[in-house]
Amino acid sequence: MPARNEERRLPVLLAALAVQDLPGRISVALCINNSTDGSLHQAQAAADRWKDRLDIVVDLQTFPEHRAHAGSARRSAMSAGLERLADQPNGVLISTDADTRPPPNWLSANLAAVADGADLVGGRLVLDEAESISADVAALRRLWDAYWREVRAIEDEIDPAPHDPAPRHGDHTGASLAITTAAYRSAGGVPEQPTGEDRALVIAAQAQGARLVHPLAVWTRVSARTTGRAAGGMAEDMTRLLDQARNGGPIMAPDFSHWRQRARWRRGQRHDATSGRRLTALETRLPAMPLDMDLRSWADGVARAAA
């Protein structure tokens with residue numbers, strides 16, 4: 001995991017890792033980068049407190065300004081983890097962020113999915129109930145969750161993936177992402193880019209044939225904070241939700257007809273084995289879908305139909 005100025009959140013995460021239901025010591029690779037607070041002290045204190053449960057290695061980095069971003073920090077942390085697994089051909093790297101609070105079965109659920117044949121495991125992101133979340137923001141989060149459930153239902157109907165069956169969620173970010181060491185090496189590791197390094201890793205791994213799954217059993221809590229450390233991260237998503245809740249205007253998303261068209265395109269591409277391996281990368285080159293459906297109006301229509 002990468003961490004930058006996370007002295008408040010690190011103890012929460014490390015305590016959650018210490019009570020995982022896996023037996024034995026758990027290896028934790030932490031890249032503390034460009035921090036000016038007590039993050040290192042908190043990591044050292046946790047290593048001492050949980051010495052019988054957590055084997056913590058800290059990669060302390062001060063990246064130059066042009067490299068001081070999530071891509072460099074996550075790559076560094078994953079590289080440290082990879083070194084720990086050098087003599088384990090079936091090793092698994094599990095990425096998270098410093099502001100998460102995983103449930104006790106988080107690691108074992110990830111490993112169970114890999115044992116079932118996955119190369120990549122995305123974890124569902126749930127707002128941490130221990131933090132203050134306004135009712136309006138929580139309602140908007142539920143609205144977006146309902147939209148994405150409908151999108152996944154369309155995909156499962158038109159272009160189902162046998163290795164990633166329903167019911168499934170749709171998250172695969174660095175906050176909860178397991179990847180086999182073989183798939184990680186094949187993908188070339190985490191790209192050193194300022195934002196979207198986690199999604200880029202998934203795309204690169206899939207291009208090499210890695211199988212991505214989204215089991216509902218794999219999930220973690222994420223912070224509801226609106227001030228984060230990484231550009232393009234969860235904090236920015238929370239800021240957008242907060243702004244949407246405050247302005248009360250329309251919330252626009254692609255109409256479901258676009259998702260049906262996209263699913264049919266994806267199904268057609270799968271007939272070509274070469275294109276099928278590069279499917280996710282090919283999809284990123286398609287034009288962006290228009291934002292032509294008001295989510296509030298759609299939800300109201302669904303509610304009226306159900307009444």
# chains A, B, ... in the order shown; residues from 1 in each chain; ligands from 1
>>> residues_around(residues="A:Ile158", least_positions_apart="3", cutoff="7 Å", atoms="only C-alpha atoms", output="list of chain:residue names")
A:Ile154, A:Glu155, A:Ala263, A:Arg264
>>> residues_around(residues="A:Ala68", least_positions_apart="4", cutoff="9 Å", atoms="only C-alpha atoms", output="list in words")
Asn33, Asn34, Thr62, Phe63, Pro64, Ser72, Ala73 and Pro194 of chain A
>>> residues_around(residues="stretch 102-117 of chain A", least_positions_apart="3", cutoff="12 Å", atoms="only C-alpha atoms", output="JSON, numbers by chain")
{"A": [12, 13, 14, 15, 16, 17, 18, 19, 20, 21, 22, 23, 26, 27, 28, 90, 91, 92, 93, 94, 95, 96, 97, 98, 99, 120, 121, 122, 123, 124, 125, 126, 127, 128, 129, 162, 163, 164, 175, 176, 177, 178, 179, 180, 181, 183, 210, 211, 212, 213, 214, 215, 216, 217, 218, 219, 220, 221, 222, 223]}
>>> atom_distance(atom1="atom CA of A:Ala187", atom2="atom CA of A:Gly174")
15.2 Å
>>> closest_residue(among="A:Asp52, A:Pro167, A:Ala139, A:Pro250", to="A:Ser297", atoms="only C-alpha atoms")
A:Pro250
>>> select_by_dssp(residues="stretch 68-227 of chain A", states="alpha helix (DSSP H)", output="PDB file with N, CA and C atoms, in the first residue's frame")
ATOM      1  N   ALA A  70       0.630   8.753  -7.049  1.00  0.00           N
ATOM      2  CA  ALA A  70       0.172   7.418  -6.646  1.00  0.00           C
ATOM      3  C   ALA A  70       0.820   6.308  -7.468  1.00  0.00           C
ATOM      4  N   GLY A  71       1.070   6.561  -8.753  1.00  0.00           N
ATOM      5  CA  GLY A  71       1.651   5.525  -9.594  1.00  0.00           C
ATOM      6  C   GLY A  71       3.020   5.081  -9.096  1.00  0.00           C
ATOM      7  N   SER A  72       3.882   6.046  -8.775  1.00  0.00           N
ATOM      8  CA  SER A  72       5.216   5.714  -8.278  1.00  0.00           C
ATOM      9  C   SER A  72       5.148   5.022  -6.926  1.00  0.00           C
ATOM     10  N   ALA A  73       4.290   5.540  -6.041  1.00  0.00           N
ATOM     11  CA  ALA A  73       4.203   4.985  -4.689  1.00  0.00           C
ATOM     12  C   ALA A  73       3.624   3.571  -4.703  1.00  0.00           C
ATOM     13  N   ARG A  74       2.573   3.346  -5.498  1.00  0.00           N
ATOM     14  CA  ARG A  74       1.985   2.005  -5.532  1.00  0.00           C
ATOM     15  C   ARG A  74       2.951   1.009  -6.190  1.00  0.00           C
ATOM     16  N   ARG A  75       3.639   1.438  -7.224  1.00  0.00           N
ATOM     17  CA  ARG A  75       4.611   0.546  -7.869  1.00  0.00           C
ATOM     18  C   ARG A  75       5.715   0.165  -6.878  1.00  0.00           C
ATOM     19  N   SER A  76       6.170   1.141  -6.111  1.00  0.00           N
ATOM     20  CA  SER A  76       7.218   0.878  -5.135  1.00  0.00           C
ATOM     21  C   SER A  76       6.742  -0.112  -4.073  1.00  0.00           C
ATOM     22  N   ALA A  77       5.518   0.080  -3.582  1.00  0.00           N
ATOM     23  CA  ALA A  77       4.974  -0.829  -2.571  1.00  0.00           C
ATOM     24  C   ALA A  77       4.793  -2.235  -3.134  1.00  0.00           C
ATOM     25  N   MET A  78       4.279  -2.317  -4.352  1.00  0.00           N
ATOM     26  CA  MET A  78       4.071  -3.634  -4.972  1.00  0.00           C
ATOM     27  C   MET A  78       5.416  -4.315  -5.255  1.00  0.00           C
ATOM     28  N   SER A  79       6.421  -3.550  -5.629  1.00  0.00           N
ATOM     29  CA  SER A  79       7.746  -4.126  -5.864  1.00  0.00           C
ATOM     30  C   SER A  79       8.320  -4.700  -4.578  1.00  0.00           C
ATOM     31  N   ALA A  80       8.112  -3.983  -3.465  1.00  0.00           N
ATOM     32  CA  ALA A  80       8.580  -4.492  -2.173  1.00  0.00           C
ATOM     33  C   ALA A  80       7.856  -5.786  -1.822  1.00  0.00           C
ATOM     34  N   GLY A  81       6.561  -5.839  -2.111  1.00  0.00           N
ATOM     35  CA  GLY A  81       5.812  -7.061  -1.869  1.00  0.00           C
ATOM     36  C   GLY A  81       6.269  -8.199  -2.758  1.00  0.00           C
ATOM     37  N   LEU A  82       6.575  -7.865  -4.005  1.00  0.00           N
ATOM     38  CA  LEU A  82       7.023  -8.879  -4.963  1.00  0.00           C
ATOM     39  C   LEU A  82       8.339  -9.507  -4.503  1.00  0.00           C
ATOM     40  N   GLU A  83       9.211  -8.703  -3.917  1.00  0.00           N
ATOM     41  CA  GLU A  83      10.481  -9.228  -3.411  1.00  0.00           C
ATOM     42  C   GLU A  83      10.237 -10.252  -2.313  1.00  0.00           C
ATOM     43  N   ARG A  84       9.225 -10.005  -1.485  1.00  0.00           N
ATOM     44  CA  ARG A  84       8.904 -10.948  -0.404  1.00  0.00           C
ATOM     45  C   ARG A  84       8.432 -12.292  -0.962  1.00  0.00           C
ATOM     46  N   TRP A 106     -11.242 -10.179   4.574  1.00  0.00           N
ATOM     47  CA  TRP A 106     -10.860  -9.555   3.300  1.00  0.00           C
ATOM     48  C   TRP A 106      -9.754 -10.339   2.601  1.00  0.00           C
ATOM     49  N   LEU A 107      -8.679 -10.636   3.301  1.00  0.00           N
ATOM     50  CA  LEU A 107      -7.571 -11.362   2.680  1.00  0.00           C
ATOM     51  C   LEU A 107      -7.985 -12.775   2.290  1.00  0.00           C
ATOM     52  N   SER A 108      -8.665 -13.476   3.171  1.00  0.00           N
ATOM     53  CA  SER A 108      -9.042 -14.859   2.863  1.00  0.00           C
ATOM     54  C   SER A 108     -10.035 -14.919   1.714  1.00  0.00           C
ATOM     55  N   ALA A 109     -10.917 -13.935   1.601  1.00  0.00           N
ATOM     56  CA  ALA A 109     -11.869 -13.920   0.486  1.00  0.00           C
ATOM     57  C   ALA A 109     -11.144 -13.685  -0.837  1.00  0.00           C
ATOM     58  N   ASN A 110     -10.151 -12.801  -0.836  1.00  0.00           N
ATOM     59  CA  ASN A 110      -9.342 -12.589  -2.039  1.00  0.00           C
ATOM     60  C   ASN A 110      -8.618 -13.869  -2.442  1.00  0.00           C
ATOM     61  N   LEU A 111      -8.006 -14.529  -1.474  1.00  0.00           N
ATOM     62  CA  LEU A 111      -7.248 -15.739  -1.777  1.00  0.00           C
ATOM     63  C   LEU A 111      -8.164 -16.864  -2.243  1.00  0.00           C
ATOM     64  N   ALA A 112      -9.385 -16.909  -1.711  1.00  0.00           N
ATOM     65  CA  ALA A 112     -10.342 -17.929  -2.151  1.00  0.00           C
ATOM     66  C   ALA A 112     -10.704 -17.716  -3.617  1.00  0.00           C
ATOM     67  N   ALA A 113     -10.862 -16.467  -4.025  1.00  0.00           N
ATOM     68  CA  ALA A 113     -11.183 -16.176  -5.426  1.00  0.00           C
ATOM     69  C   ALA A 113     -10.032 -16.574  -6.341  1.00  0.00           C
ATOM     70  N   VAL A 114      -8.808 -16.337  -5.909  1.00  0.00           N
ATOM     71  CA  VAL A 114      -7.649 -16.751  -6.702  1.00  0.00           C
ATOM     72  C   VAL A 114      -7.588 -18.276  -6.777  1.00  0.00           C
ATOM     73  N   ALA A 115      -7.868 -18.939  -5.669  1.00  0.00           N
ATOM     74  CA  ALA A 115      -7.857 -20.400  -5.657  1.00  0.00           C
ATOM     75  C   ALA A 115      -8.910 -20.971  -6.606  1.00  0.00           C
ATOM     76  N   ALA A 135     -26.880  12.461   4.789  1.00  0.00           N
ATOM     77  CA  ALA A 135     -27.974  11.670   4.219  1.00  0.00           C
ATOM     78  C   ALA A 135     -28.069  11.879   2.715  1.00  0.00           C
ATOM     79  N   ASP A 136     -27.842  13.121   2.245  1.00  0.00           N
ATOM     80  CA  ASP A 136     -27.930  13.411   0.817  1.00  0.00           C
ATOM     81  C   ASP A 136     -26.830  12.678   0.035  1.00  0.00           C
ATOM     82  N   VAL A 137     -25.617  12.674   0.588  1.00  0.00           N
ATOM     83  CA  VAL A 137     -24.513  11.989  -0.081  1.00  0.00           C
ATOM     84  C   VAL A 137     -24.760  10.485  -0.096  1.00  0.00           C
ATOM     85  N   ALA A 138     -25.249   9.940   1.021  1.00  0.00           N
ATOM     86  CA  ALA A 138     -25.543   8.506   1.075  1.00  0.00           C
ATOM     87  C   ALA A 138     -26.615   8.137   0.052  1.00  0.00           C
ATOM     88  N   ALA A 139     -27.631   9.006  -0.109  1.00  0.00           N
ATOM     89  CA  ALA A 139     -28.694   8.742  -1.087  1.00  0.00           C
ATOM     90  C   ALA A 139     -28.143   8.769  -2.505  1.00  0.00           C
ATOM     91  N   LEU A 140     -27.243   9.709  -2.787  1.00  0.00           N
ATOM     92  CA  LEU A 140     -26.656   9.776  -4.124  1.00  0.00           C
ATOM     93  C   LEU A 140     -25.767   8.563  -4.390  1.00  0.00           C
ATOM     94  N   ARG A 141     -25.069   8.115  -3.379  1.00  0.00           N
ATOM     95  CA  ARG A 141     -24.251   6.909  -3.550  1.00  0.00           C
ATOM     96  C   ARG A 141     -25.140   5.714  -3.882  1.00  0.00           C
ATOM     97  N   ARG A 142     -26.282   5.611  -3.204  1.00  0.00           N
ATOM     98  CA  ARG A 142     -27.212   4.515  -3.498  1.00  0.00           C
ATOM     99  C   ARG A 142     -27.763   4.636  -4.907  1.00  0.00           C
ATOM    100  N   LEU A 143     -27.985   5.869  -5.355  1.00  0.00           N
ATOM    101  CA  LEU A 143     -28.492   6.092  -6.706  1.00  0.00           C
ATOM    102  C   LEU A 143     -27.481   5.604  -7.749  1.00  0.00           C
ATOM    103  N   TRP A 144     -26.218   5.978  -7.568  1.00  0.00           N
ATOM    104  CA  TRP A 144     -25.189   5.529  -8.501  1.00  0.00           C
ATOM    105  C   TRP A 144     -25.000   4.010  -8.427  1.00  0.00           C
ATOM    106  N   ASP A 145     -25.091   3.459  -7.230  1.00  0.00           N
ATOM    107  CA  ASP A 145     -24.969   1.999  -7.098  1.00  0.00           C
ATOM    108  C   ASP A 145     -26.081   1.299  -7.877  1.00  0.00           C
ATOM    109  N   ALA A 146     -27.292   1.837  -7.812  1.00  0.00           N
ATOM    110  CA  ALA A 146     -28.414   1.238  -8.539  1.00  0.00           C
ATOM    111  C   ALA A 146     -28.196   1.330 -10.048  1.00  0.00           C
ATOM    112  N   TYR A 147     -27.648   2.455 -10.494  1.00  0.00           N
ATOM    113  CA  TYR A 147     -27.355   2.623 -11.923  1.00  0.00           C
ATOM    114  C   TYR A 147     -26.355   1.577 -12.388  1.00  0.00           C
ATOM    115  N   TRP A 148     -25.278   1.404 -11.635  1.00  0.00           N
ATOM    116  CA  TRP A 148     -24.248   0.456 -12.056  1.00  0.00           C
ATOM    117  C   TRP A 148     -24.730  -0.987 -11.951  1.00  0.00           C
ATOM    118  N   ARG A 149     -25.645  -1.280 -11.038  1.00  0.00           N
ATOM    119  CA  ARG A 149     -26.223  -2.626 -11.006  1.00  0.00           C
ATOM    120  C   ARG A 149     -26.995  -2.906 -12.288  1.00  0.00           C
ATOM    121  N   GLU A 150     -27.698  -1.891 -12.786  1.00  0.00           N
ATOM    122  CA  GLU A 150     -28.442  -2.047 -14.037  1.00  0.00           C
ATOM    123  C   GLU A 150     -27.483  -2.242 -15.215  1.00  0.00           C
ATOM    124  N   VAL A 151     -26.378  -1.499 -15.207  1.00  0.00           N
ATOM    125  CA  VAL A 151     -25.371  -1.663 -16.267  1.00  0.00           C
ATOM    126  C   VAL A 151     -24.817  -3.087 -16.256  1.00  0.00           C
ATOM    127  N   ARG A 152     -24.503  -3.601 -15.059  1.00  0.00           N
ATOM    128  CA  ARG A 152     -23.967  -4.965 -14.979  1.00  0.00           C
ATOM    129  C   ARG A 152     -25.007  -5.995 -15.424  1.00  0.00           C
ATOM    130  N   ALA A 153     -26.284  -5.736 -15.128  1.00  0.00           N
ATOM    131  CA  ALA A 153     -27.334  -6.659 -15.575  1.00  0.00           C
ATOM    132  C   ALA A 153     -27.396  -6.699 -17.099  1.00  0.00           C
ATOM    133  N   ILE A 154     -27.218  -5.542 -17.743  1.00  0.00           N
ATOM    134  CA  ILE A 154     -27.188  -5.487 -19.208  1.00  0.00           C
ATOM    135  C   ILE A 154     -26.013  -6.299 -19.742  1.00  0.00           C
ATOM    136  N   GLU A 155     -24.846  -6.104 -19.145  1.00  0.00           N
ATOM    137  CA  GLU A 155     -23.659  -6.833 -19.587  1.00  0.00           C
ATOM    138  C   GLU A 155     -23.827  -8.337 -19.385  1.00  0.00           C
ATOM    139  N   ASP A 156     -24.405  -8.726 -18.258  1.00  0.00           N
ATOM    140  CA  ASP A 156     -24.576 -10.150 -17.976  1.00  0.00           C
ATOM    141  C   ASP A 156     -25.585 -10.800 -18.920  1.00  0.00           C
ATOM    142  N   GLU A 157     -26.518 -10.009 -19.415  1.00  0.00           N
ATOM    143  CA  GLU A 157     -27.511 -10.542 -20.346  1.00  0.00           C
ATOM    144  C   GLU A 157     -26.947 -10.681 -21.758  1.00  0.00           C
ATOM    145  N   ILE A 158     -26.219  -9.664 -22.210  1.00  0.00           N
ATOM    146  CA  ILE A 158     -25.767  -9.621 -23.599  1.00  0.00           C
ATOM    147  C   ILE A 158     -24.380 -10.228 -23.781  1.00  0.00           C
ATOM    148  N   THR A 181       1.260 -13.051  -8.733  1.00  0.00           N
ATOM    149  CA  THR A 181       2.576 -12.521  -9.107  1.00  0.00           C
ATOM    150  C   THR A 181       2.878 -12.789 -10.580  1.00  0.00           C
ATOM    151  N   ALA A 182       2.376 -13.915 -11.097  1.00  0.00           N
ATOM    152  CA  ALA A 182       2.595 -14.220 -12.519  1.00  0.00           C
ATOM    153  C   ALA A 182       1.909 -13.186 -13.398  1.00  0.00           C
ATOM    154  N   ALA A 183       0.660 -12.843 -13.064  1.00  0.00           N
ATOM    155  CA  ALA A 183      -0.073 -11.844 -13.843  1.00  0.00           C
ATOM    156  C   ALA A 183       0.559 -10.467 -13.689  1.00  0.00           C
ATOM    157  N   TYR A 184       1.045 -10.160 -12.495  1.00  0.00           N
ATOM    158  CA  TYR A 184       1.664  -8.856 -12.253  1.00  0.00           C
ATOM    159  C   TYR A 184       2.926  -8.689 -13.086  1.00  0.00           C
ATOM    160  N   ARG A 185       3.764  -9.710 -13.073  1.00  0.00           N
ATOM    161  CA  ARG A 185       4.999  -9.638 -13.877  1.00  0.00           C
ATOM    162  C   ARG A 185       4.676  -9.559 -15.365  1.00  0.00           C
ATOM    163  N   SER A 186       3.698 -10.339 -15.796  1.00  0.00           N
ATOM    164  CA  SER A 186       3.330 -10.350 -17.205  1.00  0.00           C
ATOM    165  C   SER A 186       2.824  -8.982 -17.655  1.00  0.00           C
ATOM    166  N   ALA A 187       2.141  -8.272 -16.754  1.00  0.00           N
ATOM    167  CA  ALA A 187       1.593  -6.952 -17.085  1.00  0.00           C
ATOM    168  C   ALA A 187       2.644  -5.852 -17.043  1.00  0.00           C
ATOM    169  N   GLU A 197      -3.442   4.630 -12.188  1.00  0.00           N
ATOM    170  CA  GLU A 197      -2.428   3.576 -12.295  1.00  0.00           C
ATOM    171  C   GLU A 197      -3.016   2.195 -12.016  1.00  0.00           C
ATOM    172  N   ASP A 198      -4.036   2.140 -11.146  1.00  0.00           N
ATOM    173  CA  ASP A 198      -4.648   0.852 -10.822  1.00  0.00           C
ATOM    174  C   ASP A 198      -5.446   0.307 -12.006  1.00  0.00           C
ATOM    175  N   ARG A 199      -6.231   1.172 -12.645  1.00  0.00           N
ATOM    176  CA  ARG A 199      -6.999   0.740 -13.820  1.00  0.00           C
ATOM    177  C   ARG A 199      -6.065   0.363 -14.972  1.00  0.00           C
ATOM    178  N   ALA A 200      -4.954   1.104 -15.114  1.00  0.00           N
ATOM    179  CA  ALA A 200      -3.995   0.788 -16.175  1.00  0.00           C
ATOM    180  C   ALA A 200      -3.362  -0.576 -15.935  1.00  0.00           C
ATOM    181  N   LEU A 201      -3.094  -0.925 -14.684  1.00  0.00           N
ATOM    182  CA  LEU A 201      -2.547  -2.248 -14.374  1.00  0.00           C
ATOM    183  C   LEU A 201      -3.538  -3.341 -14.757  1.00  0.00           C
ATOM    184  N   VAL A 202      -4.812  -3.123 -14.449  1.00  0.00           N
ATOM    185  CA  VAL A 202      -5.846  -4.116 -14.790  1.00  0.00           C
ATOM    186  C   VAL A 202      -5.912  -4.311 -16.302  1.00  0.00           C
ATOM    187  N   ILE A 203      -5.897  -3.215 -17.053  1.00  0.00           N
ATOM    188  CA  ILE A 203      -5.970  -3.297 -18.510  1.00  0.00           C
ATOM    189  C   ILE A 203      -4.767  -4.057 -19.061  1.00  0.00           C
ATOM    190  N   ALA A 204      -3.569  -3.748 -18.543  1.00  0.00           N
ATOM    191  CA  ALA A 204      -2.359  -4.413 -19.023  1.00  0.00           C
ATOM    192  C   ALA A 204      -2.382  -5.904 -18.703  1.00  0.00           C
ATOM    193  N   ALA A 205      -2.886  -6.251 -17.520  1.00  0.00           N
ATOM    194  CA  ALA A 205      -2.953  -7.668 -17.142  1.00  0.00           C
ATOM    195  C   ALA A 205      -3.971  -8.412 -17.998  1.00  0.00           C
ATOM    196  N   GLN A 206      -5.120  -7.789 -18.239  1.00  0.00           N
ATOM    197  CA  GLN A 206      -6.128  -8.432 -19.079  1.00  0.00           C
ATOM    198  C   GLN A 206      -5.627  -8.623 -20.504  1.00  0.00           C
ATOM    199  N   ALA A 207      -4.823  -7.691 -20.977  1.00  0.00           N
ATOM    200  CA  ALA A 207      -4.272  -7.820 -22.332  1.00  0.00           C
ATOM    201  C   ALA A 207      -3.360  -9.031 -22.450  1.00  0.00           C
TER     202      ALA A 207
END
>>> select_by_dssp(residues="stretch 39-183 of chain A", states="strand (DSSP E)", output="JSON, numbers by chain")
{"A": [54, 55, 56, 57, 58, 59, 60, 61, 92, 93, 94, 95, 96, 100, 101, 120, 121, 122, 124, 125, 126, 127, 176, 177, 178, 179, 180]}
>>> atom_distance(atom1="atom CA of A:Arg25", atom2="atom CA of A:Arg101")
18.6 Å
>>> atom_distance(atom1="atom CA of A:Arg53", atom2="atom CA of A:Asp119")
26.2 Å
>>> closest_residue(among="A:Leu279, A:Leu40, A:Ala29, A:Ala86", to="A:Leu10", atoms="only C-alpha atoms")
A:Leu40
>>> residues_around(residues="A:Ile32", least_positions_apart="5", cutoff="6 Å", atoms="only C-alpha atoms", output="count of residues only")
3
>>> residues_around(residues="A:Met289", least_positions_apart="6", cutoff="12 Å", atoms="only C-alpha atoms", output="PyMOL selection string")
chain A and resi 252-262+283
>>> write_last_selection(atoms="N, CA and C atoms", output="PDB file, in the first residue's frame")
ATOM      1  N   MET A 252     -26.350  13.517 -14.608  1.00  0.00           N
ATOM      2  CA  MET A 252     -26.412  12.915 -15.928  1.00  0.00           C
ATOM      3  C   MET A 252     -25.453  11.734 -16.053  1.00  0.00           C
ATOM      4  N   ALA A 253     -25.915  10.713 -16.766  1.00  0.00           N
ATOM      5  CA  ALA A 253     -25.126   9.510 -17.031  1.00  0.00           C
ATOM      6  C   ALA A 253     -25.530   8.975 -18.402  1.00  0.00           C
ATOM      7  N   PRO A 254     -24.726   8.092 -18.987  1.00  0.00           N
ATOM      8  CA  PRO A 254     -25.112   7.499 -20.273  1.00  0.00           C
ATOM      9  C   PRO A 254     -26.401   6.693 -20.159  1.00  0.00           C
ATOM     10  N   ASP A 255     -27.287   6.878 -21.122  1.00  0.00           N
ATOM     11  CA  ASP A 255     -28.508   6.087 -21.167  1.00  0.00           C
ATOM     12  C   ASP A 255     -28.159   4.610 -21.317  1.00  0.00           C
ATOM     13  N   PHE A 256     -29.030   3.749 -20.815  1.00  0.00           N
ATOM     14  CA  PHE A 256     -28.746   2.315 -20.848  1.00  0.00           C
ATOM     15  C   PHE A 256     -28.660   1.768 -22.278  1.00  0.00           C
ATOM     16  N   SER A 257     -29.253   2.473 -23.229  1.00  0.00           N
ATOM     17  CA  SER A 257     -29.156   2.020 -24.619  1.00  0.00           C
ATOM     18  C   SER A 257     -27.709   2.017 -25.091  1.00  0.00           C
ATOM     19  N   HIS A 258     -26.900   2.949 -24.601  1.00  0.00           N
ATOM     20  CA  HIS A 258     -25.480   2.986 -24.974  1.00  0.00           C
ATOM     21  C   HIS A 258     -24.740   1.783 -24.402  1.00  0.00           C
ATOM     22  N   TRP A 259     -25.121   1.389 -23.193  1.00  0.00           N
ATOM     23  CA  TRP A 259     -24.477   0.218 -22.583  1.00  0.00           C
ATOM     24  C   TRP A 259     -24.865  -1.061 -23.320  1.00  0.00           C
ATOM     25  N   ARG A 260     -26.110  -1.116 -23.808  1.00  0.00           N
ATOM     26  CA  ARG A 260     -26.512  -2.295 -24.592  1.00  0.00           C
ATOM     27  C   ARG A 260     -25.714  -2.361 -25.893  1.00  0.00           C
ATOM     28  N   GLN A 261     -25.540  -1.217 -26.531  1.00  0.00           N
ATOM     29  CA  GLN A 261     -24.747  -1.173 -27.760  1.00  0.00           C
ATOM     30  C   GLN A 261     -23.295  -1.570 -27.481  1.00  0.00           C
ATOM     31  N   ARG A 262     -22.750  -1.087 -26.377  1.00  0.00           N
ATOM     32  CA  ARG A 262     -21.367  -1.403 -26.028  1.00  0.00           C
ATOM     33  C   ARG A 262     -21.217  -2.900 -25.733  1.00  0.00           C
ATOM     34  N   GLU A 283     -11.456  -1.081 -25.803  1.00  0.00           N
ATOM     35  CA  GLU A 283     -12.633  -0.323 -25.368  1.00  0.00           C
ATOM     36  C   GLU A 283     -12.268   1.077 -24.907  1.00  0.00           C
TER      37      GLU A 283
END
>>> closest_residue(among="A:Pro11, A:Thr100, A:Ile133, A:His172", to="A:Trp50", atoms="only C-alpha atoms")
A:Pro11
>>> closest_residue(among="A:Leu85, A:Leu30, A:Ala118, A:Met293", to="A:Leu54", atoms="only C-alpha atoms")
A:Leu30
>>> closest_residue(among="A:Asp159, A:Ala166, A:Pro290, A:Pro191", to="A:His271", atoms="only C-alpha atoms")
A:Asp159
